[in-house]
Structure formats: C-alpha cells, structure tokens
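The next block holds one structure in the form of structure tokens; read it before the comments.
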Amino acid sequence: MVLVRNLLNEIEHLPDHRVFGKVTAVQGMLVEIGGVQGNLSVGDRCLIKARGERQVIGEVVGFRDGRGLVMPFQPLDGVGLGSRVEVANAEAILYPDDTWLGRVINAMGEPIDGKGPLPGGDTPFPIHNRPPPAHSRQRVAGKIDLGIRAINTFLTCCRGQRMGIFAGSGVGKSSVLSMMARHTSADVSVIGLVGERGREAREFIEDDLGPEGMKRAVIVVATSDESPLMRRQAAYVTLTVAEYFRNAGRDVLCLMDSVTRFAMAQREISLSAGEPPASKGYTPSVFAELPKLLERAGPGAPGQGSITGLFTVLVEGDDHNEPVADAVRAILDGHIVLDRAIAERGRYPSVNILRSVSRTMPACNSDEENAVVGRARRLIAVYEDMAELIRLGAYRRGSDPQVDEAIKYYPAIDAFLTQTKKEGVDLATGYAQLAAILAQ
C-alpha cells in the first residue's frame, strides 16, 4: 500500500514535457550548461548524464553569459563537454510521515540506516519553504523541559523559542545536544547533523542519543565530505521534517549542529557562482539565507504545535563576535555560551551562565522562580569578579559581606551546574534544588 501511494505521488508530479541542454564548460565545482535559455531559474534541478549512464543531480545557482551555472550534489566524475542535461521542472519536495521516527536520512530525504525503504506521507512539503507569516503565528508560551539543570533553571526555554549554542571546537556542543534529545519533554526530536564528521555521526546516534532517544527522533545527516549543496540542503530538510510534525500538532525539538557549517556551505556555493566576498570571506547571500532558515522554527498557527530550535554555532578561534555568530545571535531568542575555560576545569556542561541569556525567560517564570535565579546569578557574578583574588589568598573574609556570601554558596552552585550525560533533571526538580542550596 505504501509503495502504491508513493508511486501515485510521483506520477502526479511528472512533467508534461522535457527540456534538454548540454554541458559547455566545467570550472571547479560549477557546470555551465547551454541551450536552455528561458527554461531555467535559480533553484531549478537538472540531471546531467555522465559516462556509464550515471546521472548527476545539480541545482541552478546562477547565470553567466547566457548560460546556466549548475552546482552538483554528487561528484562530477564522467561529466564532459557536450554531456546531455535534462531540466527537471519539479519542485524539491518531501513527503514526511510518522513512520520516519527512529530513522536516519540524508539531505535528499533517502534512508541511510539500512532499515529498508522510507514510506512517504500524503502531503508534500517544499524543502525551501518560507517561514510562516508573523501575524498568523501563536505567541511563544509554556516552558519546555530540556533535561539539563543549568539550562532549565538559569536559561529556561519556552515552546517555540529559538536559542543558539555558541562554542569553540571540543567544548561539548554535541554532548549538550544529545542530553537535550534524550531527556526533553518534547513530543518529537528532529536532529540535523550538518557537515558532521563521518566517524561521529554513528557515535552520536548509538552512544549519545541511544535507543530511547531514537524512538522519537528523526536524524538528518550530511557529512563533511559531501558537496556544499548536500550540506546546505541537510539544514533545509531538517526544518522541513520538523514542520511536518509541527503542523500535525506536535511540540518539536529541532536540534542542528551546526549553523556555521551551513553558512560555510552557502559561502562555497556563492563564491563559486562569482558572488564577491564581504565580511571575513562570507558573501552577502550567507547573511540573507540565515534568517530564511532560522525563522522557519518557532510556534505554528493556532491549532498547530511548535518548533523549539536549538542551533549550535561553531565560533572560529573562540571569537564570539565573528560574522556568523554575530548574525545568528541577532536573529535568535537567546544564546547559550559554552566556555572553554570552564570545560578545562572539568565542569560539564560548560555553560557560562553570566554570558548566556534567554530572552523569553522572565515572562515564563513565576516571581519566586525569577527571584531564586536572580540571586544565584548575582552570587556567581560577585564570585567571578573576585575569583583571582580569592584563589591567590589576597581576599580577607569579612572585608565585604557580598563576597563572603558568594564564597559560601559558590561551591554548591558550581556542583549544581555539573551534570553527567545520562542524568536527566526536570524543571521542577532543578528549581527546587537551587532554592534548597540558597536556603542553607
């Protein structure tokens, strides 16, 4: 029955005519095609006939001297001058279904987990979908439990909120994402591994996420060795699958690692098409694509669910003001900073509470909860200001009552912020534990 339904979907979208061109030049990752003037537009798909009847799927990324510029999804081996090119008029769409839960797919929506064919749903979802109109969306409301004590209490997230996780390499981004996916109260997790190391993809799925986390998750994987188009499309496919579950009334936790690799893929594409670089080699189209991607997350229309988005940002050289980090921070509803210095001290997750903020948090908490969190923040801030003097033994107890209070509570708060990957702490328990520490 599933195969028949998928076949009918394909038949309905067959074109009524076919348009062919030919390869006129190949430069780096770009293929120039001619003979198709008036039949191409940016974003269209093409099928390039390579040697040995192999087909290479490409996407139109621009035009030059009356010829189309096509970037391939696969390697260009076997493509030469005069190779035939067929223009595919069909829009890039997916047919997500509830049976996709527990599966791993690639950027084309194809299964790569060896568990057999992937059934298709009845409703098409465009891969390059537009964000919902602002006036038709529900407001962000209601807390979502992410299972991480430090984030649940100090950086409480609401359903439909979008947060960035900013960190350098090796500071624990993947571990934080796996803890969220495993312990969250969301109905469904959709996880996009964009430009991930091939070795780490399976480790993340089997070790970090585990069987329990996989039961209610869909994983989209595009490894670092794949073409920039595949890496970019993996991000779009992640949001497309999340939109399916949101429209079905589910609360979705959308995790993406990482937005920076999406931006790098877009930079490769636009530089190949001849777009001039702007800030640190990033082209203007990178900063135009970021809001188009990130704004797709959020609450849906009345009667629908929500997409709570957590997007990691790999800050180059631990510079949190580099162009991509700065642009993403301006778009999202808050940011979680993972600090290398904290990780080197052995505290995981290495969340820097003072540099992180959740913009929706004060409104979704009670006055009592805000008071507890506010006091704990002040104690951390006072201690951090005097940390160097305290470690050197230059501070004398009794000199400042606020510092004395911070010294008393800081070890317990620091232990409170520490959590193992397999340990899950819900919202109520986190607030109760913090309140108990401050009541001593």
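The chains in the structure tokens are called A, B, ... from first to last as shown; in each chain the residues are counted from 1, and the ligands are counted from 1 in the order shown.
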
Excluding segment 30-47 of chain A and any residue of its chain fewer than 2 positions from it, enumerate the residues within 6 Å of it, using only C-alpha atoms, and give them as a list of chain:residue names.
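Close residues of segment 30-47 of chain A: A:Gly21, A:Lys22, A:Val23, A:Thr24, A:Ala25, A:Val26, A:Gln27, A:Gly28, A:Val56, A:Ile57, A:Gly58, A:Glu59, A:Val60, A:Val61, A:Gly62, A:Arg67, A:Gly68, A:Leu69, A:Val70, A:Met71, A:Val85, A:Glu86, A:Val87, A:Ala88.
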
Could you pull the residues within 8 Å of segment 371-376 of chain A, counting only C-alpha atoms, minus those fewer than 6 positions along the same chain, as a ChimeraX atom specification?
-> /A:153-154,413,434-435,438

Requested in this report: Step one, run DSSP on the backbone; step two, keep only residues of segment 283-359 of chain A assigned to strand (DSSP E); then write them as a VMD selection string.
Outcome: chain A and resid 298 to 299 306 to 314 334 to 337 357 to 358

Non-local contacts of Phe125 of chain A (12 Å; only C-alpha atoms; under 3 positions in same chain excluded) as a list in words = Glu91, Ala92, Ile93, Leu94, Tyr95, Pro96, Asp97, Gly109, Gly120, Gly121, Asp122, His128, Asn129, Arg130, Tyr236, Val237, Thr238, Leu239, Thr240, Val241, Ala242, Glu243, Tyr244, Phe245 and Asn247 of chain A

- Task: Would you list the contacts of Gly114 of chain A as a ChimeraX atom specification, taking every protein, DNA or RNA residue within 12 Å and counting only C-alpha atoms, but skipping same-chain residues closer than 3 positions in sequence?
- Result: /A:103-105,110-111,117-118

message = So, with only C-alpha atoms as the atoms that count, which of A:Asp145, A:Asp333, A:Asp319, A:Asp207 lies closest to Arg162 of chain A?
response =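 The answer is A:Asp333, which sits nearest to Arg162 of chain A.
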
Identify, with DSSP run on backbone atoms, the residues in segment 196-394 of chain A assigned to helix (DSSP H, G or I), and express the list as a CSV table (one decimal) with N, CA, C and O atoms, in the first residue's frame.
chain,number,residue,atom,x,y,z
A,198,GLY,N,32.2,12.0,9.6
A,198,GLY,CA,31.5,10.8,9.3
A,198,GLY,C,31.7,9.8,10.5
A,198,GLY,O,30.7,9.0,10.8
A,199,ARG,N,32.8,9.8,11.2
A,199,ARG,CA,33.0,9.0,12.3
A,199,ARG,C,32.1,9.3,13.5
A,199,ARG,O,31.6,8.4,14.2
A,200,GLU,N,31.7,10.6,13.7
A,200,GLU,CA,31.0,11.0,14.8
A,200,GLU,C,29.5,10.7,14.7
A,200,GLU,O,28.7,10.7,15.6
A,201,ALA,N,29.0,10.6,13.4
A,201,ALA,CA,27.6,10.5,13.2
A,201,ALA,C,27.0,9.3,13.9
A,201,ALA,O,26.0,9.4,14.6
A,202,ARG,N,27.6,8.2,13.6
A,202,ARG,CA,27.1,6.9,14.2
A,202,ARG,C,27.3,6.9,15.7
A,202,ARG,O,26.5,6.4,16.5
A,203,GLU,N,28.5,7.5,16.2
A,203,GLU,CA,28.7,7.5,17.6
A,203,GLU,C,27.6,8.4,18.3
A,203,GLU,O,27.2,8.0,19.4
A,204,PHE,N,27.3,9.5,17.7
A,204,PHE,CA,26.2,10.3,18.3
A,204,PHE,C,24.9,9.6,18.4
A,204,PHE,O,24.2,9.6,19.4
A,205,ILE,N,24.5,8.8,17.3
A,205,ILE,CA,23.3,8.1,17.3
A,205,ILE,C,23.2,7.0,18.3
A,205,ILE,O,22.3,6.8,19.0
A,206,GLU,N,24.3,6.2,18.3
A,206,GLU,CA,24.3,5.0,19.1
A,206,GLU,C,24.7,5.2,20.6
A,206,GLU,O,24.1,4.6,21.5
A,207,ASP,N,25.7,6.0,20.8
A,207,ASP,CA,26.2,6.2,22.2
A,207,ASP,C,25.5,7.4,22.9
A,207,ASP,O,25.0,7.3,24.0
A,208,ASP,N,25.5,8.6,22.2
A,208,ASP,CA,25.0,9.8,22.9
A,208,ASP,C,23.4,9.8,23.0
A,208,ASP,O,22.8,10.0,24.0
A,209,LEU,N,22.8,9.5,21.8
A,209,LEU,CA,21.3,9.5,21.8
A,209,LEU,C,20.7,8.3,22.4
A,209,LEU,O,19.9,8.3,23.2
A,210,GLY,N,21.2,7.1,21.9
A,210,GLY,CA,20.8,5.8,22.5
A,210,GLY,C,19.4,5.4,21.9
A,210,GLY,O,18.7,6.2,21.3
A,211,PRO,N,19.0,4.2,22.2
A,211,PRO,CA,17.7,3.6,21.7
A,211,PRO,C,16.5,4.4,22.1
A,211,PRO,O,15.6,4.6,21.4
A,212,GLU,N,16.5,4.9,23.4
A,212,GLU,CA,15.4,5.6,23.9
A,212,GLU,C,15.2,7.0,23.2
A,212,GLU,O,14.1,7.4,22.9
A,213,GLY,N,16.3,7.6,23.0
A,213,GLY,CA,16.2,8.9,22.2
A,213,GLY,C,15.8,8.7,20.8
A,213,GLY,O,15.1,9.6,20.2
A,214,MET,N,16.3,7.6,20.2
A,214,MET,CA,16.0,7.4,18.8
A,214,MET,C,14.5,7.1,18.5
A,214,MET,O,14.0,7.4,17.4
A,228,PRO,N,28.8,20.9,-1.0
A,228,PRO,CA,28.2,22.0,-0.3
A,228,PRO,C,26.7,22.1,-0.4
A,228,PRO,O,26.0,22.5,0.5
A,229,LEU,N,26.2,21.7,-1.6
A,229,LEU,CA,24.8,21.7,-1.8
A,229,LEU,C,24.1,20.7,-0.9
A,229,LEU,O,23.0,20.9,-0.3
A,230,MET,N,24.7,19.5,-0.7
A,230,MET,CA,24.2,18.5,0.2
A,230,MET,C,24.2,19.0,1.7
A,230,MET,O,23.2,18.8,2.4
A,231,ARG,N,25.3,19.6,2.0
A,231,ARG,CA,25.4,20.1,3.4
A,231,ARG,C,24.4,21.2,3.7
A,231,ARG,O,23.7,21.3,4.7
A,232,ARG,N,24.2,22.1,2.7
A,232,ARG,CA,23.2,23.2,2.8
A,232,ARG,C,21.8,22.6,2.9
A,232,ARG,O,21.0,23.0,3.7
A,233,GLN,N,21.5,21.7,2.0
A,233,GLN,CA,20.2,21.1,1.9
A,233,GLN,C,19.8,20.3,3.2
A,233,GLN,O,18.6,20.2,3.5
A,234,ALA,N,20.8,19.7,3.8
A,234,ALA,CA,20.5,19.0,5.1
A,234,ALA,C,19.9,19.9,6.1
A,234,ALA,O,19.0,19.4,6.8
A,235,ALA,N,20.3,21.1,6.2
A,235,ALA,CA,19.7,22.1,7.1
A,235,ALA,C,18.2,22.4,6.7
A,235,ALA,O,17.3,22.4,7.6
A,236,TYR,N,18.0,22.5,5.4
A,236,TYR,CA,16.6,22.8,5.0
A,236,TYR,C,15.7,21.6,5.2
A,236,TYR,O,14.6,21.7,5.6
A,237,VAL,N,16.2,20.4,5.0
A,237,VAL,CA,15.5,19.2,5.2
A,237,VAL,C,15.1,19.0,6.6
A,237,VAL,O,14.0,18.5,7.0
A,238,THR,N,16.1,19.3,7.5
A,238,THR,CA,15.8,19.2,9.0
A,238,THR,C,14.6,20.1,9.3
A,238,THR,O,13.7,19.6,10.1
A,239,LEU,N,14.5,21.3,8.8
A,239,LEU,CA,13.4,22.2,9.2
A,239,LEU,C,12.1,21.7,8.5
A,239,LEU,O,11.0,21.8,9.0
A,240,THR,N,12.2,21.1,7.3
A,240,THR,CA,11.1,20.6,6.6
A,240,THR,C,10.4,19.4,7.4
A,240,THR,O,9.2,19.4,7.5
A,241,VAL,N,11.2,18.5,7.9
A,241,VAL,CA,10.7,17.4,8.7
A,241,VAL,C,10.1,17.9,10.0
A,241,VAL,O,9.0,17.5,10.4
A,242,ALA,N,10.7,18.9,10.6
A,242,ALA,CA,10.2,19.5,11.8
A,242,ALA,C,8.8,20.2,11.5
A,242,ALA,O,7.9,20.1,12.4
A,243,GLU,N,8.7,20.8,10.4
A,243,GLU,CA,7.4,21.5,10.0
A,243,GLU,C,6.3,20.5,9.9
A,243,GLU,O,5.2,20.8,10.2
A,244,TYR,N,6.6,19.3,9.3
A,244,TYR,CA,5.6,18.3,9.2
A,244,TYR,C,5.0,17.9,10.6
A,244,TYR,O,3.8,17.9,10.8
A,245,PHE,N,5.9,17.7,11.5
A,245,PHE,CA,5.4,17.3,12.9
A,245,PHE,C,4.7,18.5,13.6
A,245,PHE,O,3.7,18.3,14.3
A,246,ARG,N,5.2,19.7,13.4
A,246,ARG,CA,4.6,20.8,14.0
A,246,ARG,C,3.2,21.0,13.4
A,246,ARG,O,2.2,21.3,14.2
A,247,ASN,N,3.0,20.9,12.1
A,247,ASN,CA,1.7,21.0,11.5
A,247,ASN,C,0.7,20.0,12.0
A,247,ASN,O,-0.5,20.1,11.9
A,259,VAL,N,25.0,25.5,12.5
A,259,VAL,CA,24.6,26.6,11.6
A,259,VAL,C,25.9,27.2,10.9
A,259,VAL,O,25.8,27.6,9.7
A,260,THR,N,27.0,27.1,11.6
A,260,THR,CA,28.2,27.6,11.0
A,260,THR,C,28.6,26.8,9.7
A,260,THR,O,29.0,27.4,8.7
A,261,ARG,N,28.4,25.5,9.8
A,261,ARG,CA,28.7,24.7,8.6
A,261,ARG,C,27.7,24.9,7.5
A,261,ARG,O,28.1,24.8,6.3
A,262,PHE,N,26.5,25.2,7.8
A,262,PHE,CA,25.5,25.6,6.8
A,262,PHE,C,26.0,26.9,6.1
A,262,PHE,O,26.0,27.1,4.9
A,263,ALA,N,26.5,27.9,6.9
A,263,ALA,CA,27.0,29.2,6.4
A,263,ALA,C,28.2,28.9,5.5
A,263,ALA,O,28.3,29.6,4.5
A,264,MET,N,29.1,28.0,5.9
A,264,MET,CA,30.2,27.7,5.1
A,264,MET,C,29.9,27.1,3.8
A,264,MET,O,30.5,27.4,2.8
A,265,ALA,N,28.9,26.2,3.8
A,265,ALA,CA,28.4,25.6,2.6
A,265,ALA,C,27.8,26.6,1.6
A,265,ALA,O,28.1,26.6,0.4
A,266,GLN,N,27.0,27.6,2.2
A,266,GLN,CA,26.5,28.6,1.4
A,266,GLN,C,27.6,29.5,0.8
A,266,GLN,O,27.5,30.0,-0.3
A,267,ARG,N,28.6,29.8,1.6
A,267,ARG,CA,29.7,30.6,1.1
A,267,ARG,C,30.4,29.9,0.0
A,267,ARG,O,30.8,30.6,-1.0
A,268,GLU,N,30.6,28.6,0.0
A,268,GLU,CA,31.3,27.9,-1.1
A,268,GLU,C,30.4,28.0,-2.3
A,268,GLU,O,31.0,28.2,-3.4
A,269,ILE,N,29.1,27.8,-2.2
A,269,ILE,CA,28.2,27.9,-3.4
A,269,ILE,C,28.3,29.3,-4.0
A,269,ILE,O,28.4,29.4,-5.2
A,270,SER,N,28.1,30.3,-3.2
A,270,SER,CA,28.0,31.7,-3.7
A,270,SER,C,29.4,32.2,-4.3
A,270,SER,O,29.4,32.9,-5.3
A,271,LEU,N,30.5,31.8,-3.7
A,271,LEU,CA,31.8,32.1,-4.2
A,271,LEU,C,32.0,31.5,-5.5
A,271,LEU,O,32.6,32.1,-6.5
A,272,SER,N,31.6,30.2,-5.7
A,272,SER,CA,31.8,29.5,-7.0
A,272,SER,C,30.9,30.2,-8.0
A,272,SER,O,31.3,30.2,-9.2
A,284,PRO,N,27.4,38.1,0.9
A,284,PRO,CA,26.1,38.7,1.4
A,284,PRO,C,25.0,37.7,1.4
A,284,PRO,O,24.1,37.8,2.3
A,285,SER,N,25.0,36.7,0.4
A,285,SER,CA,23.9,35.7,0.4
A,285,SER,C,23.8,34.9,1.7
A,285,SER,O,22.8,34.3,2.0
A,286,VAL,N,25.0,34.7,2.3
A,286,VAL,CA,25.0,33.9,3.6
A,286,VAL,C,24.2,34.6,4.6
A,286,VAL,O,23.3,33.9,5.3
A,287,PHE,N,24.3,35.9,4.7
A,287,PHE,CA,23.5,36.6,5.8
A,287,PHE,C,22.1,36.8,5.4
A,287,PHE,O,21.2,37.1,6.2
A,288,ALA,N,21.8,36.6,4.1
A,288,ALA,CA,20.4,36.6,3.6
A,288,ALA,C,19.7,35.3,3.9
A,288,ALA,O,18.5,35.2,4.1
A,289,GLU,N,20.5,34.2,3.8
A,289,GLU,CA,19.9,32.8,3.9
A,289,GLU,C,19.7,32.5,5.4
A,289,GLU,O,18.8,31.7,5.7
A,290,LEU,N,20.5,33.0,6.3
A,290,LEU,CA,20.4,32.6,7.7
A,290,LEU,C,19.0,32.9,8.3
A,290,LEU,O,18.4,32.0,8.9
A,291,PRO,N,18.4,34.1,8.1
A,291,PRO,CA,17.1,34.3,8.7
A,291,PRO,C,16.0,33.5,8.0
A,291,PRO,O,15.1,33.1,8.6
A,292,LYS,N,16.2,33.2,6.7
A,292,LYS,CA,15.2,32.3,6.0
A,292,LYS,C,15.2,30.9,6.6
A,292,LYS,O,14.1,30.3,6.6
A,293,LEU,N,16.4,30.5,7.0
A,293,LEU,CA,16.4,29.1,7.7
A,293,LEU,C,15.9,29.2,9.1
A,293,LEU,O,15.0,28.4,9.5
A,294,LEU,N,16.5,30.1,9.9
A,294,LEU,CA,16.2,30.1,11.3
A,294,LEU,C,14.8,30.5,11.7
A,294,LEU,O,14.2,30.1,12.7
A,316,GLU,N,34.8,30.6,15.4
A,316,GLU,CA,36.2,30.3,15.0
A,316,GLU,C,37.1,31.0,15.9
A,316,GLU,O,37.0,32.2,16.2
A,317,GLY,N,38.1,30.3,16.4
A,317,GLY,CA,39.1,30.8,17.3
A,317,GLY,C,38.5,31.4,18.6
A,317,GLY,O,39.1,32.3,19.2
A,318,ASP,N,37.4,30.8,19.0
A,318,ASP,CA,36.7,31.2,20.3
A,318,ASP,C,36.3,32.7,20.2
A,318,ASP,O,36.2,33.4,21.2
A,323,PRO,N,31.6,37.0,12.2
A,323,PRO,CA,30.4,37.4,11.5
A,323,PRO,C,29.2,36.5,11.6
A,323,PRO,O,28.1,37.0,11.9
A,324,VAL,N,29.4,35.2,11.5
A,324,VAL,CA,28.2,34.3,11.6
A,324,VAL,C,27.6,34.3,13.0
A,324,VAL,O,26.4,34.3,13.2
A,325,ALA,N,28.5,34.2,14.0
A,325,ALA,CA,28.0,34.2,15.4
A,325,ALA,C,27.2,35.5,15.7
A,325,ALA,O,26.1,35.5,16.3
A,326,ASP,N,27.7,36.6,15.2
A,326,ASP,CA,27.1,37.9,15.4
A,326,ASP,C,25.7,38.0,14.7
A,326,ASP,O,24.7,38.4,15.3
A,327,ALA,N,25.6,37.5,13.5
A,327,ALA,CA,24.4,37.5,12.7
A,327,ALA,C,23.3,36.5,13.4
A,327,ALA,O,22.2,36.9,13.5
A,328,VAL,N,23.8,35.4,13.8
A,328,VAL,CA,22.8,34.4,14.4
A,328,VAL,C,22.3,34.9,15.7
A,328,VAL,O,21.1,34.8,16.0
A,329,ARG,N,23.2,35.5,16.5
A,329,ARG,CA,22.8,36.0,17.8
A,329,ARG,C,21.7,37.1,17.7
A,329,ARG,O,20.8,37.2,18.5
A,330,ALA,N,21.7,37.8,16.6
A,330,ALA,CA,20.8,38.9,16.4
A,330,ALA,C,19.4,38.3,15.9
A,330,ALA,O,18.4,39.0,16.1
A,331,ILE,N,19.4,37.1,15.3
A,331,ILE,CA,18.2,36.5,14.8
A,331,ILE,C,17.4,35.8,15.9
A,331,ILE,O,16.2,35.8,16.0
A,340,ARG,N,35.3,27.5,27.1
A,340,ARG,CA,36.5,26.5,27.1
A,340,ARG,C,37.1,26.5,28.4
A,340,ARG,O,37.6,25.4,28.9
A,341,ALA,N,37.3,27.6,29.1
A,341,ALA,CA,37.9,27.7,30.4
A,341,ALA,C,37.2,26.8,31.4
A,341,ALA,O,37.8,26.2,32.3
A,342,ILE,N,35.8,26.9,31.4
A,342,ILE,CA,35.0,26.0,32.3
A,342,ILE,C,35.2,24.6,32.0
A,342,ILE,O,35.3,23.7,32.8
A,343,ALA,N,35.2,24.2,30.7
A,343,ALA,CA,35.4,22.8,30.3
A,343,ALA,C,36.8,22.3,30.7
A,343,ALA,O,36.9,21.2,31.1
A,344,GLU,N,37.8,23.2,30.6
A,344,GLU,CA,39.1,22.8,31.1
A,344,GLU,C,39.2,22.5,32.6
A,344,GLU,O,40.1,21.8,33.1
A,353,ILE,N,27.1,30.9,32.6
A,353,ILE,CA,25.8,31.4,33.0
A,353,ILE,C,25.7,33.0,32.8
A,353,ILE,O,24.7,33.5,32.3
A,354,LEU,N,26.8,33.7,33.1
A,354,LEU,CA,26.8,35.1,33.0
A,354,LEU,C,26.8,35.6,31.6
A,354,LEU,O,26.3,36.7,31.4
A,355,ARG,N,27.3,34.9,30.6
A,355,ARG,CA,27.4,35.3,29.2
A,355,ARG,C,26.2,34.8,28.4
A,355,ARG,O,26.1,35.1,27.3
A,361,MET,N,12.7,34.2,29.1
A,361,MET,CA,12.7,33.6,30.4
A,361,MET,C,11.9,34.4,31.5
A,361,MET,O,11.1,33.8,32.2
A,362,PRO,N,12.2,35.7,31.7
A,362,PRO,CA,11.5,36.3,32.8
A,362,PRO,C,10.0,36.2,32.7
A,362,PRO,O,9.3,36.1,33.7
A,363,ALA,N,9.4,36.3,31.5
A,363,ALA,CA,8.0,36.3,31.4
A,363,ALA,C,7.4,34.9,31.6
A,363,ALA,O,6.2,34.8,32.0
A,364,CYS,N,8.1,33.8,31.4
A,364,CYS,CA,7.5,32.5,31.6
A,364,CYS,C,7.7,31.9,33.0
A,364,CYS,O,7.2,30.8,33.3
A,367,ASP,N,7.3,34.8,39.9
A,367,ASP,CA,8.2,35.8,40.6
A,367,ASP,C,9.1,35.1,41.5
A,367,ASP,O,10.3,35.5,41.7
A,368,GLU,N,8.7,34.0,42.2
A,368,GLU,CA,9.6,33.3,43.1
A,368,GLU,C,10.7,32.6,42.4
A,368,GLU,O,11.9,32.7,42.8
A,369,GLU,N,10.4,32.1,41.2
A,369,GLU,CA,11.5,31.4,40.4
A,369,GLU,C,12.5,32.5,39.9
A,369,GLU,O,13.7,32.3,40.0
A,370,ASN,N,12.0,33.6,39.5
A,370,ASN,CA,12.9,34.7,39.0
A,370,ASN,C,13.8,35.2,40.1
A,370,ASN,O,14.9,35.5,39.9
A,371,ALA,N,13.2,35.3,41.3
A,371,ALA,CA,14.0,35.8,42.5
A,371,ALA,C,15.1,34.8,42.8
A,371,ALA,O,16.2,35.2,43.1
A,372,VAL,N,14.8,33.5,42.8
A,372,VAL,CA,15.8,32.5,43.1
A,372,VAL,C,17.0,32.5,42.1
A,372,VAL,O,18.2,32.6,42.4
A,373,VAL,N,16.6,32.6,40.8
A,373,VAL,CA,17.6,32.6,39.7
A,373,VAL,C,18.4,33.9,39.8
A,373,VAL,O,19.6,33.9,39.6
A,374,GLY,N,17.7,35.0,40.0
A,374,GLY,CA,18.4,36.3,40.1
A,374,GLY,C,19.4,36.4,41.2
A,374,GLY,O,20.5,36.9,41.0
A,375,ARG,N,19.1,35.8,42.3
A,375,ARG,CA,20.0,35.8,43.5
A,375,ARG,C,21.2,34.9,43.1
A,375,ARG,O,22.4,35.3,43.4
A,376,ALA,N,21.0,33.8,42.6
A,376,ALA,CA,22.1,32.9,42.2
A,376,ALA,C,23.0,33.5,41.2
A,376,ALA,O,24.2,33.4,41.3
A,377,ARG,N,22.4,34.2,40.2
A,377,ARG,CA,23.2,34.9,39.2
A,377,ARG,C,24.1,35.9,39.9
A,377,ARG,O,25.3,36.1,39.5
A,378,ARG,N,23.6,36.7,40.8
A,378,ARG,CA,24.4,37.7,41.5
A,378,ARG,C,25.5,37.1,42.3
A,378,ARG,O,26.6,37.7,42.3
A,379,LEU,N,25.3,36.0,42.9
A,379,LEU,CA,26.3,35.3,43.7
A,379,LEU,C,27.5,34.9,42.7
A,379,LEU,O,28.6,35.0,43.1
A,380,ILE,N,27.1,34.3,41.6
A,380,ILE,CA,28.1,33.9,40.6
A,380,ILE,C,28.9,35.1,40.1
A,380,ILE,O,30.1,35.0,40.0
A,381,ALA,N,28.2,36.2,39.8
A,381,ALA,CA,28.9,37.4,39.3
A,381,ALA,C,29.8,37.9,40.3
A,381,ALA,O,31.0,38.3,40.0
A,382,VAL,N,29.4,38.0,41.6
A,382,VAL,CA,30.3,38.6,42.6
A,382,VAL,C,31.5,37.7,42.8
A,382,VAL,O,32.7,38.2,42.9
A,383,TYR,N,31.3,36.4,42.8
A,383,TYR,CA,32.5,35.4,42.9
A,383,TYR,C,33.4,35.5,41.8
A,383,TYR,O,34.6,35.6,42.0
A,384,GLU,N,32.9,35.6,40.5
A,384,GLU,CA,33.7,35.6,39.3
A,384,GLU,C,34.6,36.9,39.3
A,384,GLU,O,35.7,36.9,38.9
A,385,ASP,N,34.0,38.0,39.8
A,385,ASP,CA,34.7,39.3,39.8
A,385,ASP,C,35.9,39.2,40.8
A,385,ASP,O,36.9,39.8,40.5
A,386,MET,N,35.8,38.4,41.8
A,386,MET,CA,36.8,38.4,42.8
A,386,MET,C,37.6,37.1,42.8
A,386,MET,O,38.4,36.8,43.7
A,387,ALA,N,37.3,36.2,41.7
A,387,ALA,CA,37.9,34.9,41.7
A,387,ALA,C,39.4,34.9,41.8
A,387,ALA,O,40.0,34.1,42.5
A,388,GLU,N,40.1,35.8,41.1
A,388,GLU,CA,41.5,35.8,41.1
A,388,GLU,C,42.1,36.1,42.4
A,388,GLU,O,43.0,35.4,42.9
A,389,LEU,N,41.5,37.1,43.1
A,389,LEU,CA,42.0,37.4,44.5
A,389,LEU,C,41.7,36.3,45.4
A,389,LEU,O,42.6,36.0,46.3
A,390,ILE,N,40.6,35.6,45.3
A,390,ILE,CA,40.2,34.6,46.2
A,390,ILE,C,41.2,33.4,46.0
A,390,ILE,O,41.7,32.8,47.0
A,391,ARG,N,41.5,33.0,44.8
A,391,ARG,CA,42.5,31.9,44.5
A,391,ARG,C,43.9,32.2,45.0
A,391,ARG,O,44.6,31.4,45.4
A,392,LEU,N,44.3,33.5,44.9
A,392,LEU,CA,45.6,33.9,45.4
A,392,LEU,C,45.7,34.1,46.9
A,392,LEU,O,46.8,34.3,47.4

9 Å contact set for Arg139 of chain A, only C-alpha atoms, chain neighbours under 4 positions out, as number ranges by chain: A: 160, 299-300

Keeping C-alpha atoms for every residue in the selection just given, could you write it to a file as a JSON list (two decimals), in the first residue's frame?
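Generated file (part.json):
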[["chain", "number", "residue", "atom", "x", "y", "z"],
["A", 160, "GLY", "CA", 8.64, 27.70, 20.07],
["A", 299, "PRO", "CA", 5.35, 28.40, 17.09],
["A", 300, "GLY", "CA", 2.86, 27.43, 14.42]]

Skipping near chain neighbours, those fewer than 6 positions away, what residues fall within 9 Å of Thr418 of chain A using only C-alpha atoms, listed as number ranges by chain? A: 149-150, 347-350
